[in-house]
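Colleague: So that we are looking at the same thing, I have put the structure below in structure tokens.
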Number of protein chains: 2
Amino acid sequence: MPEKSSYIVVGDGQMGLVLASLLHEVHPDARVVLWGHVPSEIKELRATRRSPRLADYELPEAIEVVTDIGPCVDASLACVVSAVPTQFVRGVWETMRGVLPPSVPIVSVSKGVEIGTGLFPTSILAQSLDEAAGTREYVTLSGPTIATELAARKPATMLAACIDVATAQRVQQMFSSSWMRVYTTTDHAGVELAGAAKNVIALAAGIVDGMDLGFNAKSSLLSRGLAEVVRLGEALGARAETFFGIAGVGDLATTCFCPQGRNRSCGEALGRGQSLDDFLEHTIWVVEGVPTTRALLVLAREHNVEMPITEAVASVLFEGVSPGEAIATLMGRPLRSEVI
Amino acid sequence: MPEKSSYIVVGDGQMGLVLASLLHEVHPDARVVLWGHVPSEIKELRATRRSPRLADYELPEAIEVVTDIGPCVDASLACVVSAVPTQFVRGVWETMRGVLPPSVPIVSVSKGVEIGTGLFPTSILAQSLDEAAGTREYVTLSGPTIATELAARKPATMLAACIDVATAQRVQQMFSSSWMRVYTTTDHAGVELAGAAKNVIALAAGIVDGMDLGFNAKSSLLSRGLAEVVRLGEALGARAETFFGIAGVGDLATTCFCPQGRNRSCGEALGRGQSLDDFLEHTIWVVEGVPTTRALLVLAREHNVEMPITEAVASVLFEGVSPGEAIATLMGRPLRSEVI
């Protein structure tokens, strides 16, 4: 069998751009293809090698830019990366049904849950492709990965999660470079949950920032928020260790402390007294933590897991409870031992 | 038995001041005594209720300020707080031998290891008092507790750790207020190790800051650093969960992200190219992470635990390895699965 030597990245947002560049850097002789949805934008990207979505970034000349992946699919295809915001996964991938042989793994970097269905990204992918469970390997790549830092080739780590360890290891090799260190895990469910749930805790962290409550309060919420997500994860069959690793606390720390994060910023606006509706009206982005909060509470009730911080975030987001009241409720719970 | 109703806080630094105030707030009718070492400073504090160590802070009039705790010790004494920097614990407590009945628990808030002995704070305390193991209950209070935020009564959490659960619960009650939520644990060894080890990871985080490597790299070091401390902790009989709680990841997040932290700041200077000797020459503070790095490596070798990040910090601190080389060594390790 010849060495697999081509890659397709679906999605020309920040993560799509930097992962295409990373793949080209690690595999300079491989064909790397970047797919985007809007013909005019793709034409512009092809011509200028620049994107309005990622300042100071230049797409290497060798990377092909297309609006149709069909002609790029052949026996040399090592994997396809899905770098599409969670809410657009279904729309994009429904158009790609039947295009990829089942032997080609899909590497997903989306984080969140789908509004309406509460599904995690690779479940949306499988539904969109209309493939039965087990037809294809899905790998979730996660970790603290601010795209502007990746674009500058600053050191970072990711976790390649797949229930099939050999596939996880293949993806680890595909994406590892001098500045990108990839670990593997088979706890795929834990990694998808951690990637979604961090945005709920980031909303809480942002609320603390908006109220100017300081590092002690924010770090307390981070650790107690993590504890309740671990409880939910264990109820869902995920492993606790996953939440304490790169894709758990690693990604969570970045999400809660990086000033630019959308979820943290949304929380900060709420903490300053802005309403959710007002905030969402003035942003073009989906704030992933909002649908994820609803989805986590559904899961928490189904599995009888106590999630006081997620409940507090929901009370602020959806029930008109003031951030101050929500914090007072959290602080006023009965004293207990620390349960992780 | 009458309700215990007096408290002594040993140490008039930032934590001593805020904990005395907290005890007075929770127990307005109790006698609260604050001990300091230097008569002229204590006289000044008694007169002005202000301390040069904590701006914008006013010590309540009801708190007594003394240089000798002997006359304050009676049957009503509920606990004594030791709020002394780790390197001064021995000097202070050797002068207090025989003063406290063994029934009085000591609540320690020091974090670190003693230079030379590698002992954790409550072990130094027991040695200094020349008391056999088991003579007295020691409770370690830990968590993300930046004193300036506590002084402003911003919400915070702490963990009261004692091998005796009833004593931990008594201390939990003593220190819990509307803005301070205290949890309990019996994993005393884990809490002392976590409180010391966080400063080593903060040195690494500071190095990343000084090299301007970004949030991804810093959060990766935080989570992988935590993983190696957990491995050491488990080898020492501590529980993994402790490191993922308030006194573990909670305290660690604050220590790695709060710009004012001494250990993070020291790391930042190293990351910018300053030498450790040069940095230490220009600071009046003990940078606790420096002796702790040595102590952790001694423990790691004794217990055959791999600690690559601690080794990397040591190579920069003590062996003249440049921060860039240390990062390259960390990134270049063989690829593997994520082991917590």
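Each chain in the structure tokens gets a letter, A, B and so on, in the order shown; residues start at 1 in every chain, and ligands are counted from 1 in the order they appear.
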I need the contact residues of chain B against chain A, so if you could list those with any atom within 8 Å, counting only C-alpha atoms, and return them as a PDB file with C-alpha atoms, in the first residue's frame, that would help.
Modeller:
ATOM      1  CA  PRO B 144      -6.974  30.363  45.584  1.00  0.00           C
ATOM      2  CA  THR B 145      -6.641  33.091  48.204  1.00  0.00           C
ATOM      3  CA  ILE B 146      -5.111  36.300  46.936  1.00  0.00           C
ATOM      4  CA  GLU B 149      -9.197  40.122  47.164  1.00  0.00           C
ATOM      5  CA  LYS B 154     -14.732  39.192  47.298  1.00  0.00           C
ATOM      6  CA  PRO B 155     -16.167  35.643  47.116  1.00  0.00           C
ATOM      7  CA  ALA B 156     -13.643  32.857  47.563  1.00  0.00           C
ATOM      8  CA  THR B 157     -13.329  29.208  48.527  1.00  0.00           C
ATOM      9  CA  LEU B 159     -10.295  23.705  51.556  1.00  0.00           C
ATOM     10  CA  GLN B 172     -14.861  24.738  58.107  1.00  0.00           C
ATOM     11  CA  SER B 178     -21.312  34.829  53.258  1.00  0.00           C
ATOM     12  CA  TRP B 179     -18.320  35.409  50.962  1.00  0.00           C
ATOM     13  CA  MET B 180     -15.984  32.586  52.035  1.00  0.00           C
ATOM     14  CA  ARG B 181     -17.076  29.027  51.277  1.00  0.00           C
ATOM     15  CA  VAL B 182     -14.959  26.340  52.959  1.00  0.00           C
ATOM     16  CA  TYR B 183     -14.916  22.679  51.881  1.00  0.00           C
ATOM     17  CA  THR B 184     -13.302  19.837  53.815  1.00  0.00           C
ATOM     18  CA  THR B 185     -11.031  16.937  52.976  1.00  0.00           C
ATOM     19  CA  LEU B 213       4.437  31.934  23.892  1.00  0.00           C
ATOM     20  CA  GLY B 214       0.746  32.511  24.553  1.00  0.00           C
ATOM     21  CA  PHE B 215      -2.223  30.884  26.239  1.00  0.00           C
ATOM     22  CA  ASN B 216      -2.045  27.547  24.413  1.00  0.00           C
ATOM     23  CA  ALA B 217       1.478  26.830  25.643  1.00  0.00           C
ATOM     24  CA  SER B 219      -2.400  26.047  29.542  1.00  0.00           C
ATOM     25  CA  SER B 220      -0.619  22.984  28.154  1.00  0.00           C
ATOM     26  CA  LEU B 222      -0.531  23.902  33.449  1.00  0.00           C
ATOM     27  CA  SER B 223      -2.365  20.676  32.606  1.00  0.00           C
ATOM     28  CA  ARG B 224       0.723  18.550  31.938  1.00  0.00           C
ATOM     29  CA  ALA B 227      -0.515  15.571  35.662  1.00  0.00           C
ATOM     30  CA  GLU B 241      -8.919  14.184  43.231  1.00  0.00           C
ATOM     31  CA  PHE B 244      -8.194  18.559  40.623  1.00  0.00           C
ATOM     32  CA  GLY B 245     -10.024  20.539  43.304  1.00  0.00           C
ATOM     33  CA  ILE B 246      -9.901  24.004  44.837  1.00  0.00           C
ATOM     34  CA  VAL B 249      -6.245  23.299  39.927  1.00  0.00           C
ATOM     35  CA  GLY B 250      -8.114  26.185  41.587  1.00  0.00           C
ATOM     36  CA  ASP B 251      -5.051  27.552  43.333  1.00  0.00           C
ATOM     37  CA  ALA B 253      -4.994  28.649  37.863  1.00  0.00           C
ATOM     38  CA  THR B 254      -4.801  31.757  40.026  1.00  0.00           C
ATOM     39  CA  PHE B 257      -2.605  33.700  35.604  1.00  0.00           C
ATOM     40  CA  CYS B 258      -2.585  36.433  38.265  1.00  0.00           C
ATOM     41  CA  ALA B 328      12.301  22.447  22.846  1.00  0.00           C
ATOM     42  CA  MET B 331       8.155  19.479  22.933  1.00  0.00           C
ATOM     43  CA  GLY B 332      10.578  16.921  21.510  1.00  0.00           C
ATOM     44  CA  LEU B 335       4.855  11.014  21.382  1.00  0.00           C
ATOM     45  CA  ARG B 336       2.569   9.084  23.665  1.00  0.00           C
ATOM     46  CA  SER B 337      -0.927   8.711  24.990  1.00  0.00           C
ATOM     47  CA  GLU B 338      -2.097  11.165  27.620  1.00  0.00           C
ATOM     48  CA  ILE B 340      -2.595  11.664  34.029  1.00  0.00           C
TER      49      ILE B 340
END
Colleague: Quick one: everything within 8 Å of region 6-18 of chain B, counting only C-alpha atoms, minus sequence neighbours fewer than 6 positions away in the same chain. Send it as an MDAnalysis selection string.
Modeller: chainID B and resid 30:37 53:54 59 69 72 76:84 109 147:148 150:151
Colleague: Based on the selection just made, write N, CA, C and O atoms of those residues as a JSON list (two decimals), in the first residue's frame.
Modeller:
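File produced: selection28.json:
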[["chain", "number", "residue", "atom", "x", "y", "z"],
["B", 30, "ALA", "N", -16.40, 36.88, 69.64],
["B", 30, "ALA", "CA", -15.21, 36.15, 70.09],
["B", 30, "ALA", "C", -14.02, 37.10, 70.24],
["B", 30, "ALA", "O", -13.97, 38.17, 69.64],
["B", 31, "ARG", "N", -13.06, 36.65, 71.04],
["B", 31, "ARG", "CA", -11.80, 37.38, 71.16],
["B", 31, "ARG", "C", -10.90, 36.95, 69.99],
["B", 31, "ARG", "O", -10.66, 35.75, 69.80],
["B", 32, "VAL", "N", -10.43, 37.89, 69.18],
["B", 32, "VAL", "CA", -9.51, 37.57, 68.09],
["B", 32, "VAL", "C", -8.20, 38.34, 68.34],
["B", 32, "VAL", "O", -8.22, 39.56, 68.51],
["B", 33, "VAL", "N", -7.11, 37.58, 68.37],
["B", 33, "VAL", "CA", -5.80, 38.15, 68.69],
["B", 33, "VAL", "C", -4.89, 37.97, 67.48],
["B", 33, "VAL", "O", -4.86, 36.89, 66.88],
["B", 34, "LEU", "N", -4.15, 39.01, 67.14],
["B", 34, "LEU", "CA", -3.20, 38.94, 66.03],
["B", 34, "LEU", "C", -1.79, 39.13, 66.58],
["B", 34, "LEU", "O", -1.51, 40.11, 67.27],
["B", 35, "TRP", "N", -0.91, 38.17, 66.27],
["B", 35, "TRP", "CA", 0.46, 38.22, 66.76],
["B", 35, "TRP", "C", 1.42, 38.64, 65.66],
["B", 35, "TRP", "O", 1.32, 38.17, 64.52],
["B", 36, "GLY", "N", 2.33, 39.52, 65.99],
["B", 36, "GLY", "CA", 3.40, 39.87, 65.07],
["B", 36, "GLY", "C", 4.73, 39.85, 65.79],
["B", 36, "GLY", "O", 4.79, 39.90, 67.03],
["B", 37, "HIS", "N", 5.79, 39.80, 65.01],
["B", 37, "HIS", "CA", 7.12, 39.54, 65.53],
["B", 37, "HIS", "C", 7.85, 40.82, 65.94],
["B", 37, "HIS", "O", 8.60, 40.84, 66.91],
["B", 53, "ARG", "N", 1.77, 46.36, 54.55],
["B", 53, "ARG", "CA", 1.77, 45.13, 53.76],
["B", 53, "ARG", "C", 0.48, 44.91, 52.97],
["B", 53, "ARG", "O", 0.41, 44.03, 52.12],
["B", 54, "LEU", "N", -0.56, 45.68, 53.30],
["B", 54, "LEU", "CA", -1.85, 45.45, 52.65],
["B", 54, "LEU", "C", -2.58, 46.79, 52.53],
["B", 54, "LEU", "O", -3.26, 47.23, 53.46],
["B", 59, "LEU", "N", -7.70, 47.19, 60.00],
["B", 59, "LEU", "CA", -7.88, 46.12, 60.99],
["B", 59, "LEU", "C", -8.97, 46.56, 61.98],
["B", 59, "LEU", "O", -8.85, 47.62, 62.61],
["B", 69, "ILE", "N", 1.87, 35.66, 72.66],
["B", 69, "ILE", "CA", 0.55, 35.03, 72.72],
["B", 69, "ILE", "C", 0.28, 34.38, 74.07],
["B", 69, "ILE", "O", -0.87, 34.07, 74.39],
["B", 72, "CYS", "N", -2.72, 35.19, 76.11],
["B", 72, "CYS", "CA", -4.01, 35.04, 75.42],
["B", 72, "CYS", "C", -4.48, 33.59, 75.39],
["B", 72, "CYS", "O", -5.57, 33.30, 74.89],
["B", 76, "SER", "N", -10.76, 28.91, 76.34],
["B", 76, "SER", "CA", -11.70, 29.29, 75.29],
["B", 76, "SER", "C", -11.08, 29.27, 73.90],
["B", 76, "SER", "O", -11.76, 29.53, 72.91],
["B", 77, "LEU", "N", -9.78, 28.96, 73.82],
["B", 77, "LEU", "CA", -9.07, 29.05, 72.54],
["B", 77, "LEU", "C", -9.54, 27.95, 71.57],
["B", 77, "LEU", "O", -9.34, 26.76, 71.81],
["B", 78, "ALA", "N", -10.14, 28.37, 70.46],
["B", 78, "ALA", "CA", -10.70, 27.40, 69.50],
["B", 78, "ALA", "C", -9.64, 26.88, 68.54],
["B", 78, "ALA", "O", -9.64, 25.71, 68.18],
["B", 79, "CYS", "N", -8.75, 27.75, 68.10],
["B", 79, "CYS", "CA", -7.64, 27.33, 67.24],
["B", 79, "CYS", "C", -6.62, 28.45, 67.16],
["B", 79, "CYS", "O", -6.91, 29.60, 67.51],
["B", 80, "VAL", "N", -5.42, 28.09, 66.70],
["B", 80, "VAL", "CA", -4.41, 29.09, 66.40],
["B", 80, "VAL", "C", -4.07, 28.97, 64.93],
["B", 80, "VAL", "O", -3.87, 27.86, 64.41],
["B", 81, "VAL", "N", -4.07, 30.10, 64.25],
["B", 81, "VAL", "CA", -3.74, 30.12, 62.82],
["B", 81, "VAL", "C", -2.25, 30.43, 62.67],
["B", 81, "VAL", "O", -1.75, 31.37, 63.30],
["B", 82, "SER", "N", -1.55, 29.64, 61.86],
["B", 82, "SER", "CA", -0.17, 29.94, 61.54],
["B", 82, "SER", "C", -0.11, 30.53, 60.13],
["B", 82, "SER", "O", -0.23, 29.81, 59.14],
["B", 83, "ALA", "N", 0.04, 31.85, 60.07],
["B", 83, "ALA", "CA", 0.07, 32.56, 58.78],
["B", 83, "ALA", "C", 1.45, 33.19, 58.62],
["B", 83, "ALA", "O", 1.61, 34.41, 58.62],
["B", 84, "VAL", "N", 2.44, 32.31, 58.51],
["B", 84, "VAL", "CA", 3.84, 32.72, 58.48],
["B", 84, "VAL", "C", 4.45, 32.16, 57.20],
["B", 84, "VAL", "O", 4.18, 31.01, 56.85],
["B", 109, "VAL", "N", -1.67, 28.10, 57.02],
["B", 109, "VAL", "CA", -1.95, 28.58, 55.66],
["B", 109, "VAL", "C", -0.66, 28.79, 54.86],
["B", 109, "VAL", "O", -0.69, 29.36, 53.77],
["B", 147, "ALA", "N", -4.70, 37.67, 48.89],
["B", 147, "ALA", "CA", -5.12, 38.37, 50.11],
["B", 147, "ALA", "C", -5.81, 39.70, 49.82],
["B", 147, "ALA", "O", -6.77, 40.06, 50.51],
["B", 148, "THR", "N", -5.36, 40.40, 48.79],
["B", 148, "THR", "CA", -6.00, 41.70, 48.51],
["B", 148, "THR", "C", -7.47, 41.51, 48.14],
["B", 148, "THR", "O", -8.31, 42.36, 48.46],
["B", 150, "LEU", "N", -9.36, 38.96, 49.29],
["B", 150, "LEU", "CA", -10.03, 38.61, 50.55],
["B", 150, "LEU", "C", -10.27, 39.87, 51.38],
["B", 150, "LEU", "O", -11.31, 40.01, 52.03],
["B", 151, "ALA", "N", -9.31, 40.77, 51.35],
["B", 151, "ALA", "CA", -9.47, 42.01, 52.11],
["B", 151, "ALA", "C", -10.67, 42.80, 51.62],
["B", 151, "ALA", "O", -11.34, 43.49, 52.39]]
Colleague: Any chance you could list, as a ChimeraX atom specification, the residues in region 78-281 of chain B that come up strand (DSSP E) when DSSP is run on the backbone?
Modeller: /B:78-82,106-108,138-142,156-161,180-185
Colleague: How far is it from CA of Asp29 (chain B) to CA of Ser5 (chain B), in Å with one decimal?
Modeller: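 For CA of Asp29 (chain B) relative to CA of Ser5 (chain B), the distance reads 7.7 Å.
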Colleague: I'd like to know which of A:Leu22, A:Val305, A:Val89, A:Ile124 is closest to Leu236 (chain A), using only C-alpha atoms.
Modeller: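 Nearest candidate to Leu236 (chain A) out of A:Leu22, A:Val305, A:Val89, A:Ile124: A:Val305.
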Colleague: With DSSP run on the backbone, what are the helix (DSSP H, G or I) residues within region 150-310 of chain A? I'd like them as a ChimeraX atom specification.
Modeller: /A:150-151,165-175,188-210,214-235,240-243,246-257,262-271,276-281,289-302,308-310
Colleague: Near Pro291 (chain A), within 9 Å and counting only C-alpha atoms, which residues show up once chain neighbours fewer than 4 positions away are dropped, as a list in words?
Modeller: Gly112, Val113, Glu114, Ile115, Gly116, Gly118, Val287, Ala295 and Leu296 of chain A
Colleague: Given the selection you just returned, output its residues as a file containing N, CA, C and O atoms, formatted as an mmCIF file, in the first residue's frame.
Modeller:
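The file below, part_9.cif, is the result:
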data_model
loop_
_atom_site.group_PDB
_atom_site.id
_atom_site.type_symbol
_atom_site.label_atom_id
_atom_site.label_comp_id
_atom_site.auth_asym_id
_atom_site.auth_seq_id
_atom_site.Cartn_x
_atom_site.Cartn_y
_atom_site.Cartn_z
ATOM 1 N N GLY A 112 -18.827 21.935 20.976
ATOM 2 C CA GLY A 112 -20.150 22.438 21.319
ATOM 3 C C GLY A 112 -21.207 21.372 21.121
ATOM 4 O O GLY A 112 -20.902 20.192 20.947
ATOM 5 N N VAL A 113 -22.463 21.805 21.171
ATOM 6 C CA VAL A 113 -23.583 20.906 20.877
ATOM 7 C C VAL A 113 -24.494 21.614 19.886
ATOM 8 O O VAL A 113 -24.562 22.838 19.856
ATOM 9 N N GLU A 114 -25.194 20.841 19.097
ATOM 10 C CA GLU A 114 -26.090 21.418 18.098
ATOM 11 C C GLU A 114 -27.355 21.950 18.773
ATOM 12 O O GLU A 114 -27.964 21.245 19.593
ATOM 13 N N ILE A 115 -27.727 23.161 18.434
ATOM 14 C CA ILE A 115 -28.972 23.730 18.955
ATOM 15 C C ILE A 115 -30.134 22.866 18.483
ATOM 16 O O ILE A 115 -30.203 22.482 17.327
ATOM 17 N N GLY A 116 -31.020 22.564 19.401
ATOM 18 C CA GLY A 116 -32.192 21.766 19.012
ATOM 19 C C GLY A 116 -32.003 20.296 19.307
ATOM 20 O O GLY A 116 -32.804 19.700 20.012
ATOM 21 N N GLY A 118 -29.011 18.888 20.669
ATOM 22 C CA GLY A 118 -28.090 18.617 21.773
ATOM 23 C C GLY A 118 -26.979 17.643 21.415
ATOM 24 O O GLY A 118 -26.273 17.151 22.288
ATOM 25 N N VAL A 287 -22.637 32.083 20.420
ATOM 26 C CA VAL A 287 -21.966 31.893 21.710
ATOM 27 C C VAL A 287 -22.287 30.462 22.138
ATOM 28 O O VAL A 287 -23.370 30.178 22.648
ATOM 29 N N ALA A 295 -28.229 22.037 26.985
ATOM 30 C CA ALA A 295 -28.001 20.609 26.715
ATOM 31 C C ALA A 295 -27.448 19.902 27.947
ATOM 32 O O ALA A 295 -27.840 18.776 28.268
ATOM 33 N N LEU A 296 -26.522 20.568 28.675
ATOM 34 C CA LEU A 296 -25.947 19.932 29.867
ATOM 35 C C LEU A 296 -27.014 19.717 30.925
ATOM 36 O O LEU A 296 -27.022 18.692 31.618
#
Colleague: Nearest to Gly190 (chain B) among B:Thr135, B:Ser142, B:Thr67, B:Ser315, with distances taken over only C-alpha atoms: which residue is it?
Modeller: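 Residue with the minimum atom-to-atom distance to Gly190 (chain B): B:Ser142.
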